[in-house]
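K.L.:
Below is the file final21.cif, with mmCIF, C-alpha atoms (C1' of nucleotides).
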```
data_coords
loop_
_atom_site.label_atom_id
_atom_site.label_comp_id
_atom_site.auth_asym_id
_atom_site.auth_seq_id
_atom_site.Cartn_x
_atom_site.Cartn_y
_atom_site.Cartn_z
CA MET A 1 -30.39 13.90 0.32
CA SER A 2 -27.82 13.71 -2.44
CA THR A 3 -29.88 15.96 -4.68
CA ILE A 4 -30.00 18.79 -2.16
CA ALA A 5 -27.64 21.63 -2.97
CA ARG A 6 -25.03 21.95 -0.24
CA GLY A 7 -23.12 24.98 0.91
CA THR A 8 -19.48 25.55 0.15
CA ALA A 9 -18.42 24.69 3.68
CA ASP A 10 -20.13 21.30 3.36
CA ARG A 11 -18.53 20.60 0.03
CA ILE A 12 -15.16 21.47 1.50
CA LEU A 13 -15.77 19.11 4.40
CA ASP A 14 -16.90 16.31 2.10
CA THR A 15 -13.79 16.63 -0.02
CA ALA A 16 -11.38 17.00 2.89
CA GLU A 17 -13.00 14.03 4.64
CA ARG A 18 -12.43 11.85 1.63
CA LEU A 19 -8.82 12.94 1.31
CA VAL A 20 -8.08 12.40 4.99
CA GLN A 21 -9.62 8.94 4.89
CA LEU A 22 -7.55 8.07 1.83
CA ARG A 23 -4.20 9.69 2.62
CA GLY A 24 -4.11 10.94 6.17
CA TYR A 25 -3.90 14.39 7.70
CA ASN A 26 -0.36 15.18 6.61
CA ALA A 27 -0.79 14.08 3.02
CA PHE A 28 -3.61 16.34 1.92
CA SER A 29 -3.36 20.06 1.28
CA TYR A 30 -5.54 23.08 0.80
CA ALA A 31 -4.48 22.95 -2.84
CA ASP A 32 -5.93 19.42 -3.18
CA VAL A 33 -9.21 20.43 -1.62
CA ALA A 34 -9.49 23.68 -3.57
CA LYS A 35 -8.93 21.88 -6.85
CA ALA A 36 -11.55 19.22 -6.10
CA VAL A 37 -14.13 21.73 -4.85
CA GLY A 38 -13.48 24.13 -7.70
CA ILE A 39 -12.45 27.25 -5.84
CA ARG A 40 -9.10 28.86 -4.97
CA LYS A 41 -6.93 28.02 -1.99
CA ALA A 42 -7.44 31.47 -0.46
CA SER A 43 -11.21 30.97 -0.43
CA LEU A 44 -10.83 27.93 1.78
CA HIS A 45 -9.32 30.09 4.47
CA TYR A 46 -12.52 32.13 4.56
CA HIS A 47 -14.42 29.00 5.66
CA PHE A 48 -11.70 27.36 7.74
CA ALA A 49 -9.02 29.79 8.83
CA THR A 50 -6.34 27.17 9.46
CA LYS A 51 -5.80 23.54 8.61
CA GLY A 52 -6.26 22.73 12.27
CA ASP A 53 -9.69 24.34 12.23
CA LEU A 54 -10.66 22.32 9.19
CA GLY A 55 -9.31 19.15 10.79
CA LEU A 56 -11.23 19.69 13.99
CA ALA A 57 -14.43 20.36 12.07
CA LEU A 58 -13.87 17.10 10.18
CA VAL A 59 -13.52 15.01 13.31
CA THR A 60 -16.46 16.71 15.00
CA ARG A 61 -18.71 16.06 12.03
CA TYR A 62 -17.48 12.49 11.68
CA ARG A 63 -18.16 11.75 15.33
CA ARG A 64 -21.63 13.23 15.13
CA ALA A 65 -22.47 11.16 12.06
CA PHE A 66 -21.18 8.03 13.76
CA VAL A 67 -23.23 8.63 16.88
CA ASP A 68 -26.29 9.13 14.69
CA GLN A 69 -25.65 5.75 13.11
CA LEU A 70 -25.38 4.15 16.54
CA HIS A 71 -28.80 5.51 17.39
CA ALA A 72 -30.12 4.24 14.08
CA ILE A 73 -28.86 0.76 14.95
CA GLU A 74 -30.71 0.82 18.24
CA SER A 75 -33.88 1.88 16.48
CA ALA A 76 -33.55 -0.77 13.81
CA SER A 77 -33.14 -3.78 16.05
CA ASP A 78 -33.59 -4.87 19.62
CA ASP A 79 -31.41 -7.96 19.32
CA PRO A 80 -27.90 -7.47 20.81
CA LEU A 81 -26.20 -9.79 18.35
CA GLU A 82 -27.85 -8.15 15.41
CA ARG A 83 -26.84 -4.76 16.74
CA LEU A 84 -23.26 -5.89 16.89
CA GLU A 85 -23.50 -7.24 13.36
CA ARG A 86 -24.77 -3.91 12.15
CA TYR A 87 -22.04 -2.16 14.10
CA GLY A 88 -19.41 -4.18 12.28
CA GLU A 89 -21.16 -3.37 9.05
CA LEU A 90 -20.64 0.35 9.74
CA TYR A 91 -16.92 -0.29 9.42
CA GLY A 92 -17.38 -2.60 6.48
CA SER A 93 -19.32 -0.02 4.52
CA VAL A 94 -16.51 2.53 4.95
CA LEU A 95 -13.98 0.02 3.69
CA ARG A 96 -16.15 -0.91 0.73
CA ARG A 97 -16.06 2.72 -0.27
CA LYS A 98 -12.30 2.11 -0.33
CA ARG A 99 -11.67 4.34 2.64
CA MET A 100 -10.11 3.91 6.05
CA CYS A 101 -11.94 4.97 9.21
CA MET A 102 -11.12 8.65 9.63
CA CYS A 103 -10.29 8.31 13.30
CA GLY A 104 -8.19 5.20 12.73
CA MET A 105 -6.34 7.20 10.12
CA LEU A 106 -5.90 10.16 12.46
CA ALA A 107 -4.81 7.85 15.28
CA THR A 108 -1.55 7.21 13.44
CA ASP A 109 -1.17 10.95 12.86
CA ALA A 110 -1.76 11.68 16.55
CA ALA A 111 1.76 12.92 17.26
CA THR A 112 1.43 15.59 14.59
CA LEU A 113 -2.12 16.81 15.32
CA PRO A 114 -3.23 19.93 17.19
CA ARG A 115 -4.22 19.03 20.73
CA ALA A 116 -7.94 19.64 20.15
CA MET A 117 -7.98 17.21 17.22
CA ARG A 118 -6.07 14.58 19.11
CA GLU A 119 -8.47 14.78 22.01
CA SER A 120 -11.47 14.55 19.73
CA VAL A 121 -10.07 11.42 18.10
CA ALA A 122 -9.62 9.86 21.54
CA GLU A 123 -13.23 10.78 22.31
CA PHE A 124 -14.39 8.97 19.19
CA PHE A 125 -12.92 5.74 20.49
CA ALA A 126 -14.27 6.37 23.99
CA GLU A 127 -17.75 7.01 22.59
CA ASN A 128 -17.70 3.77 20.66
CA VAL A 129 -16.44 1.78 23.61
CA GLY A 130 -19.17 3.35 25.75
CA TRP A 131 -21.92 2.43 23.35
CA LEU A 132 -20.65 -1.12 22.88
CA THR A 133 -20.31 -1.57 26.61
CA ARG A 134 -24.02 -0.87 27.01
CA ILE A 135 -24.97 -3.27 24.25
CA LEU A 136 -22.72 -6.01 25.58
CA GLU A 137 -23.93 -5.57 29.14
CA GLN A 138 -27.52 -5.83 28.08
CA GLY A 139 -26.85 -8.81 25.83
CA ARG A 140 -25.12 -10.71 28.59
CA LYS A 141 -27.88 -9.97 31.04
CA ARG A 142 -30.45 -11.32 28.60
CA ARG A 143 -28.20 -14.31 27.84
CA GLU A 144 -28.20 -13.45 24.21
CA LEU A 145 -24.48 -12.78 24.28
CA ARG A 146 -21.70 -14.72 25.95
CA PHE A 147 -18.12 -13.61 26.44
CA ALA A 148 -15.20 -13.58 28.86
CA GLY A 149 -14.21 -10.54 30.91
CA THR A 150 -16.05 -7.31 31.57
CA PRO A 151 -18.34 -5.67 29.00
CA ALA A 152 -15.99 -2.67 28.96
CA ALA A 153 -12.97 -4.87 28.19
CA MET A 154 -14.89 -6.67 25.49
CA ALA A 155 -16.05 -3.34 24.06
CA THR A 156 -12.48 -2.09 23.79
CA PHE A 157 -11.53 -5.34 22.13
CA PHE A 158 -14.39 -4.95 19.67
CA VAL A 159 -13.37 -1.46 18.58
CA SER A 160 -9.71 -2.46 18.41
CA SER A 161 -10.36 -5.51 16.30
CA LEU A 162 -12.58 -3.72 13.82
CA GLU A 163 -10.17 -0.81 13.48
CA GLY A 164 -7.30 -3.25 13.04
CA ALA A 165 -9.18 -5.32 10.50
CA MET A 166 -9.79 -2.15 8.51
CA LEU A 167 -6.19 -1.09 8.86
CA VAL A 168 -4.77 -4.39 7.64
CA ALA A 169 -7.32 -4.68 4.85
CA TYR A 170 -6.70 -1.10 3.74
CA GLY A 171 -2.94 -1.38 3.95
CA SER A 172 -2.63 -4.69 2.18
CA GLY A 173 -5.30 -3.98 -0.42
CA ASN A 174 -7.05 -7.15 0.69
CA VAL A 175 -10.58 -6.03 1.49
CA GLU A 176 -11.90 -9.56 1.92
CA SER A 177 -9.75 -10.08 4.99
CA PHE A 178 -11.94 -7.56 6.81
CA ASP A 179 -15.07 -9.62 6.42
CA GLY A 180 -13.38 -12.71 7.76
CA ALA A 181 -12.13 -10.84 10.80
CA ALA A 182 -15.54 -9.27 11.44
CA ARG A 183 -17.10 -12.73 11.29
CA GLN A 184 -14.57 -14.12 13.77
CA LEU A 185 -15.31 -11.25 16.09
CA LEU A 186 -19.03 -12.00 16.19
CA THR A 187 -18.30 -15.66 16.78
CA ILE A 188 -16.71 -14.92 20.12
CA VAL A 189 -19.80 -13.27 21.57
CA ARG A 190 -22.33 -15.75 20.18
CA PRO A 191 -23.92 -17.77 22.95
CA GLU A 192 -24.18 -20.98 20.92
CA ARG A 193 -20.56 -20.69 19.94
CA ALA A 194 -19.96 -23.33 17.33
CA LYS A 195 -16.84 -25.29 16.43
CA ALA A 196 -17.07 -24.42 12.80
CA ALA A 197 -17.30 -20.85 11.65
CA THR A 198 -20.36 -20.73 9.50
CA PRO A 199 -21.41 -17.54 7.80
CA THR A 200 -23.95 -15.62 9.80
CA PRO A 201 -27.53 -15.98 8.57
CA ARG A 202 -28.45 -12.40 8.04
CA ARG A 203 -32.00 -11.26 8.56
CA LYS A 204 -32.95 -8.72 6.00
CA ALA A 205 -35.10 -5.78 6.94
CA PRO A 206 -38.33 -5.55 4.89
CA MET B 1 25.36 -5.34 20.56
CA SER B 2 24.45 -1.89 21.78
CA THR B 3 28.10 -1.06 22.47
CA ILE B 4 29.20 -1.85 18.95
CA ALA B 5 29.84 1.23 16.85
CA ARG B 6 27.38 1.35 14.01
CA GLY B 7 27.78 2.76 10.54
CA THR B 8 26.14 5.93 9.37
CA ALA B 9 23.59 4.05 7.29
CA ASP B 10 22.47 2.14 10.38
CA ARG B 11 22.17 5.28 12.45
CA ILE B 12 20.11 6.86 9.69
CA LEU B 13 17.84 3.84 9.63
CA ASP B 14 17.46 3.83 13.41
CA THR B 15 16.49 7.48 13.44
CA ALA B 16 14.16 7.27 10.46
CA GLU B 17 12.53 4.16 11.89
CA ARG B 18 11.75 5.95 15.12
CA LEU B 19 10.34 8.96 13.28
CA VAL B 20 8.15 6.84 11.00
CA GLN B 21 6.81 4.88 13.95
CA LEU B 22 6.01 8.11 15.77
CA ARG B 23 4.72 10.33 12.98
CA GLY B 24 4.22 8.36 9.79
CA TYR B 25 5.91 8.45 6.42
CA ASN B 26 4.59 11.83 5.32
CA ALA B 27 5.43 13.64 8.54
CA PHE B 28 9.16 13.07 8.71
CA SER B 29 11.76 14.72 6.54
CA TYR B 30 15.40 14.39 5.57
CA ALA B 31 15.95 17.53 7.64
CA ASP B 32 14.57 15.79 10.74
CA VAL B 33 16.77 12.75 10.24
CA ALA B 34 19.88 14.78 9.43
CA LYS B 35 19.50 16.87 12.55
CA ALA B 36 19.05 13.83 14.82
CA VAL B 37 21.94 11.92 13.25
CA GLY B 38 24.22 14.95 13.23
CA ILE B 39 25.01 15.26 9.54
CA ARG B 40 23.67 17.40 6.68
CA LYS B 41 20.68 16.65 4.52
CA ALA B 42 22.82 16.24 1.43
CA SER B 43 24.84 13.50 3.12
CA LEU B 44 21.70 11.43 3.61
CA HIS B 45 21.25 11.28 -0.13
CA TYR B 46 24.62 9.57 -0.41
CA HIS B 47 23.30 6.66 1.66
CA PHE B 48 19.70 6.69 0.44
CA ALA B 49 19.27 8.49 -2.86
CA THR B 50 15.54 9.16 -2.46
CA LYS B 51 13.04 9.09 0.37
CA GLY B 52 11.45 6.09 -1.30
CA ASP B 53 14.75 4.22 -1.13
CA LEU B 54 15.07 5.01 2.55
CA GLY B 55 11.47 3.98 3.16
CA LEU B 56 11.90 0.67 1.40
CA ALA B 57 15.09 -0.05 3.35
CA LEU B 58 13.19 0.69 6.56
CA VAL B 59 10.39 -1.75 5.81
CA THR B 60 12.81 -4.42 4.62
CA ARG B 61 14.87 -4.16 7.79
CA TYR B 62 11.75 -4.09 9.97
CA ARG B 63 10.38 -7.21 8.35
CA ARG B 64 13.67 -9.05 8.73
CA ALA B 65 13.86 -8.13 12.42
CA PHE B 66 10.30 -9.27 12.94
CA VAL B 67 10.88 -12.60 11.25
CA ASP B 68 13.95 -13.09 13.43
CA GLN B 69 11.80 -12.56 16.48
CA LEU B 70 9.29 -15.11 15.25
CA HIS B 71 12.08 -17.65 15.02
CA ALA B 72 13.23 -16.69 18.49
CA ILE B 73 9.74 -17.39 19.81
CA GLU B 74 9.77 -20.85 18.27
CA SER B 75 13.14 -21.55 19.84
CA ALA B 76 12.08 -20.28 23.25
CA SER B 77 8.94 -22.34 23.65
CA ASP B 78 7.18 -25.35 22.24
CA ASP B 79 3.79 -24.52 23.74
CA PRO B 80 1.37 -22.98 21.18
CA LEU B 81 -0.43 -20.82 23.72
CA GLU B 82 2.81 -19.51 25.12
CA ARG B 83 4.03 -18.77 21.62
CA LEU B 84 0.92 -16.71 20.98
CA GLU B 85 1.41 -14.87 24.26
CA ARG B 86 4.94 -14.02 23.28
CA TYR B 87 3.72 -12.95 19.87
CA GLY B 88 1.32 -10.50 21.47
CA GLU B 89 4.16 -9.30 23.64
CA LEU B 90 6.12 -8.37 20.51
CA TYR B 91 3.46 -5.78 19.81
CA GLY B 92 3.23 -4.77 23.45
CA SER B 93 6.94 -4.05 23.67
CA VAL B 94 6.75 -1.70 20.69
CA LEU B 95 3.88 0.18 22.27
CA ARG B 96 5.67 0.42 25.60
CA ARG B 97 8.46 2.18 23.79
CA LYS B 98 5.68 4.62 22.88
CA ARG B 99 5.77 3.67 19.22
CA MET B 100 3.24 2.35 16.74
CA CYS B 101 4.00 -0.75 14.63
CA MET B 102 5.86 0.57 11.60
CA CYS B 103 3.77 -1.40 9.15
CA GLY B 104 0.53 -0.45 10.86
CA MET B 105 1.65 3.12 10.54
CA LEU B 106 2.56 2.67 6.88
CA ALA B 107 -0.73 0.89 6.21
CA THR B 108 -2.56 4.19 6.68
CA ASP B 109 -0.03 5.87 4.39
CA ALA B 110 -0.50 3.21 1.72
CA ALA B 111 -2.13 5.49 -0.84
CA THR B 112 0.89 7.80 -0.78
CA LEU B 113 3.68 5.22 -0.80
CA PRO B 114 5.86 4.08 -3.71
CA ARG B 115 4.60 0.78 -5.03
CA ALA B 116 7.57 -1.21 -3.73
CA MET B 117 7.00 0.03 -0.20
CA ARG B 118 3.30 -0.65 -0.34
CA GLU B 119 3.91 -4.20 -1.50
CA SER B 120 6.47 -4.79 1.21
CA VAL B 121 4.03 -3.60 3.87
CA ALA B 122 1.45 -6.04 2.53
CA GLU B 123 4.09 -8.77 2.70
CA PHE B 124 4.70 -7.98 6.36
CA PHE B 125 1.09 -8.76 7.15
CA ALA B 126 1.11 -11.85 4.96
CA GLU B 127 4.26 -13.13 6.68
CA ASN B 128 2.70 -12.70 10.07
CA VAL B 129 -0.52 -14.38 9.03
CA GLY B 130 1.50 -17.24 7.57
CA TRP B 131 3.47 -17.80 10.75
CA LEU B 132 0.41 -17.60 12.97
CA THR B 133 -1.47 -20.00 10.71
CA ARG B 134 1.22 -22.61 11.32
CA ILE B 135 1.17 -22.09 15.07
CA LEU B 136 -2.62 -22.21 15.22
CA GLU B 137 -2.83 -25.30 13.04
CA GLN B 138 -0.35 -27.14 15.19
CA GLY B 139 -2.01 -26.01 18.41
CA ARG B 140 -5.42 -27.20 17.27
CA LYS B 141 -4.04 -30.53 16.16
CA ARG B 142 -2.46 -31.06 19.57
CA ARG B 143 -5.67 -29.85 21.22
CA GLU B 144 -3.79 -27.16 23.04
CA LEU B 145 -5.71 -24.45 21.22
CA ARG B 146 -9.39 -24.22 20.42
CA PHE B 147 -11.03 -21.77 18.08
CA ALA B 148 -13.72 -21.36 15.46
CA GLY B 149 -13.00 -21.22 11.74
CA THR B 150 -9.87 -22.02 9.80
CA PRO B 151 -6.38 -21.41 11.20
CA ALA B 152 -5.80 -18.92 8.39
CA ALA B 153 -8.93 -16.95 9.27
CA MET B 154 -7.99 -16.95 12.93
CA ALA B 155 -4.45 -15.86 12.04
CA THR B 156 -5.76 -12.87 10.10
CA PHE B 157 -7.99 -12.02 13.02
CA PHE B 158 -5.03 -12.22 15.37
CA VAL B 159 -2.89 -9.80 13.38
CA SER B 160 -5.82 -7.46 12.83
CA SER B 161 -6.75 -7.35 16.49
CA LEU B 162 -3.23 -6.71 17.70
CA GLU B 163 -2.63 -4.00 15.10
CA GLY B 164 -5.96 -2.43 15.98
CA ALA B 165 -5.28 -2.60 19.70
CA MET B 166 -2.00 -0.79 19.09
CA LEU B 167 -3.68 1.75 16.85
CA VAL B 168 -6.40 2.63 19.34
CA ALA B 169 -3.98 2.67 22.27
CA TYR B 170 -1.52 4.84 20.37
CA GLY B 171 -4.16 7.21 19.06
CA SER B 172 -6.00 7.67 22.32
CA GLY B 173 -2.91 7.77 24.49
CA ASN B 174 -4.35 4.94 26.53
CA VAL B 175 -1.65 2.30 26.53
CA GLU B 176 -3.39 0.12 29.11
CA SER B 177 -6.20 -0.63 26.68
CA PHE B 178 -3.75 -2.64 24.60
CA ASP B 179 -3.04 -5.12 27.37
CA GLY B 180 -6.73 -5.73 27.94
CA ALA B 181 -7.31 -6.39 24.27
CA ALA B 182 -4.31 -8.71 24.04
CA ARG B 183 -5.66 -10.66 27.00
CA GLN B 184 -9.10 -10.97 25.39
CA LEU B 185 -7.48 -12.24 22.26
CA LEU B 186 -5.69 -15.07 24.02
CA THR B 187 -8.89 -16.00 25.81
CA ILE B 188 -10.57 -16.93 22.57
CA VAL B 189 -8.01 -19.59 21.66
CA ARG B 190 -7.63 -21.09 25.12
CA PRO B 191 -8.92 -24.67 25.18
CA GLU B 192 -10.28 -24.60 28.75
CA ARG B 193 -12.47 -21.68 27.84
CA ALA B 194 -15.64 -20.85 29.71
CA LYS B 195 -17.83 -23.80 30.41
CA ALA B 196 -19.79 -21.63 32.77
CA ALA B 197 -23.58 -21.59 32.83
CA THR B 198 -24.76 -21.10 29.28
CA PRO B 199 -28.27 -21.10 27.96
CA THR B 200 -29.37 -24.21 26.11
CA PRO B 201 -27.44 -24.14 22.87
CA ARG B 202 -29.87 -23.48 20.11
CA ARG B 203 -28.45 -24.36 16.75
CA LYS B 204 -29.52 -22.03 14.01
CA ALA B 205 -30.15 -23.32 10.56
CA PRO B 206 -27.22 -22.36 8.33
"C1'" DG C 1 -17.48 34.92 -0.65
"C1'" DT C 2 -14.24 34.53 -4.02
"C1'" DC C 3 -10.51 36.31 -6.34
"C1'" DT C 4 -5.13 37.53 -7.54
"C1'" DA C 5 -0.82 38.02 -5.73
"C1'" DT C 6 2.54 37.07 -2.62
"C1'" DA C 7 4.97 36.18 1.67
"C1'" DG C 8 8.03 33.01 4.18
"C1'" DG C 9 9.21 28.51 5.04
"C1'" DC C 10 10.18 23.71 4.25
"C1'" DA C 11 10.12 19.72 1.10
"C1'" DG C 12 13.13 16.41 -1.72
"C1'" DA C 13 16.90 16.51 -4.59
"C1'" DT C 14 21.44 17.81 -7.19
"C1'" DA C 15 26.22 19.89 -8.31
"C1'" DG C 16 30.56 20.10 -7.19
"C1'" DA C 17 34.40 21.24 -3.72
"C1'" DC C 18 37.08 18.92 -0.27
"C1'" DG D 1 31.54 10.44 2.84
"C1'" DT D 2 30.46 14.83 4.12
"C1'" DC D 3 30.20 19.43 3.13
"C1'" DT D 4 28.12 24.26 1.18
"C1'" DA D 5 25.19 26.20 -1.94
"C1'" DT D 6 21.36 26.10 -4.60
"C1'" DC D 7 17.19 24.65 -7.38
"C1'" DT D 8 12.37 23.91 -7.94
"C1'" DG D 9 8.20 23.17 -6.14
"C1'" DC D 10 4.73 22.87 -2.66
"C1'" DC D 11 3.10 24.17 1.87
"C1'" DT D 12 0.04 27.21 5.07
"C1'" DA D 13 -1.37 31.64 5.51
"C1'" DT D 14 -2.35 36.73 4.65
"C1'" DA D 15 -3.44 41.31 2.20
"C1'" DG D 16 -6.42 43.59 -0.29
"C1'" DA D 17 -9.32 44.22 -4.71
"C1'" DC D 18 -13.86 43.10 -6.43
#
```
Would you give me this structure, written as structure tokens?
P.N.:
Amino acid sequence: MSTIARGTADRILDTAERLVQLRGYNAFSYADVAKAVGIRKASLHYHFATKGDLGLALVTRYRRAFVDQLHAIESASDDPLERLERYGELYGSVLRRKRMCMCGMLATDAATLPRAMRESVAEFFAENVGWLTRILEQGRKRRELRFAGTPAAMATFFVSSLEGAMLVAYGSGNVESFDGAARQLLTIVRPERAKAATPTPRRKAP
Amino acid sequence: MSTIARGTADRILDTAERLVQLRGYNAFSYADVAKAVGIRKASLHYHFATKGDLGLALVTRYRRAFVDQLHAIESASDDPLERLERYGELYGSVLRRKRMCMCGMLATDAATLPRAMRESVAEFFAENVGWLTRILEQGRKRRELRFAGTPAAMATFFVSSLEGAMLVAYGSGNVESFDGAARQLLTIVRPERAKAATPTPRRKAP
DNA sequence: GTCTATAGGCAGATAGAC
DNA sequence: GTCTATCTGCCTATAGAC
């Protein structure tokens, strides 16, 4: 995958994605992207006419990639708790690359975004809540998960807590705090809920 | 208090605070503030020489106000659970004014902030975690709160979840989702939690 | 598809009059 | 303390050559 030559548009998206995740929508420029990609500012406009077009393409691609990873999680495991663990690990892996979730980042920029971008960011959260709701519903039915309230409410709480854990970890430069928060989060849906928070025994895939 | 005439510096801070909470540090300008306050850009520089100076003053003032509110909560109630409810309501009241937490907002801007600002934002989170740790510790000791893990870990989770609930609500324009998340959060520290029909607790090996 | 050149505007910041 | 005037630099975006 990484050895395949990619088109200019893809390289632009990769670079812009990184910059948005690091600095936010209003703190990256065509000049930044052009420099990193190795072409001129004007050439960027050939691929993405306006910054809004580029931004929308970024969110669209990010959402698609995220949805793909959700499907991958369902393929990899049938156990609700393990699926939730892997879901949290999606966020963790972003943070370990020293980035913030793109849509969490754009959420704070919402007031300054073109309408289409803002709506797509909202859809990202809705998509995640929808997926989690299904997993939680199924897990409760099978008695492999236990939690208070509706699956939808718990799903919203899940997304919120992971986004917040990333936000605080990113903003305070304290990456470890994310892992602790993610662990707490899993504790509250574990059926055998223990008094002491012990690290989760993680099954490794062969 | 609201009838007292305030100095220019205070009015600048009020306006800049609102703009940062709405749009972020990189999406407000001296021109915006000057227009709203009713003076010229150049006059702002008399009060705050650079944007970084203004930003640092904003965070400092915000932190002080927040700490004051924490003290007010301790004065208003002796009950740990009620204190936590009121703590959540601090966040809720910001969101109901259609704003994002200033430090949550600045957390996403971290990579672009002057060092002093970035450190002060990190201190905001640390202060909150510190206060919550005390409340949680005391509540557990008195058996009026119940939760897994250390008080410090739970405190970090608390701040993360509330910040994240604000972030998602703000970014998706769905303010109601915050209240649901805040309610879920309180559920997990309530001592009388869920003794409903649970499957036989199977203890996993650590 | 990529380039040079440039338009037109806004950014943060300063000098100096009043 | 607030003003006018101005500087320098960066921003998004476009025109037109190659």
K.L.:
Between chain D and chain A, at 9 Å or less, what are the per-residue closest atom pairs and their distances in Å? Count only C-alpha atoms (C1' of nucleotides), order by chain and rising residue number, and return it as CSV.
P.N.:
```
residue,atom,partner,partner_atom,distance
D:DC11,C1',A:Ser29,CA,7.7
D:DT12,C1',A:Thr50,CA,7.7
D:DA13,C1',A:Thr50,CA,7.8
D:DT14,C1',A:Ala42,CA,8.9
```
K.L.:
Those residues you just picked out, can you put them in a file as a CSV table (one decimal), in the frame of the given file with C-alpha atoms (C1' of nucleotides)?
P.N.:
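The resulting file, result06.csv, is reproduced below:
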```csv
chain,number,residue,atom,x,y,z
D,11,DC,C1',3.1,24.2,1.9
D,12,DT,C1',0.0,27.2,5.1
D,13,DA,C1',-1.4,31.6,5.5
D,14,DT,C1',-2.4,36.7,4.6
```
K.L.:
Can you state the RMSD, in Å, between chain A and chain B once they are superposed by least squares on every Cα paired in order?
P.N.:
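Chain B versus chain A: RMSD of 7.3 Å.
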K.L.:
Looking at A:Glu74, A:Glu137, A:Asp109, A:Glu127, which one is nearest to chain B, with distances taken over only C-alpha atoms?
P.N.:
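The closest residue to chain B is A:Asp109.
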K.L.:
Taking the file as shown, find all residues satisfying the PyMOL selection byres ((chain B) within 6 of (chain A)) and write them as number ranges by chain.
P.N.:
B: 23, 105, 107-111, 122, 148-149, 157, 160-161, 163-165, 171-172, 181, 201
K.L.:
Near chain B, meaning an atom within 12 Å, which residues of chain C appear when counting only C-alpha atoms (C1' of nucleotides)? Write them as a ChimeraX atom specification.
P.N.:
/C:10-15
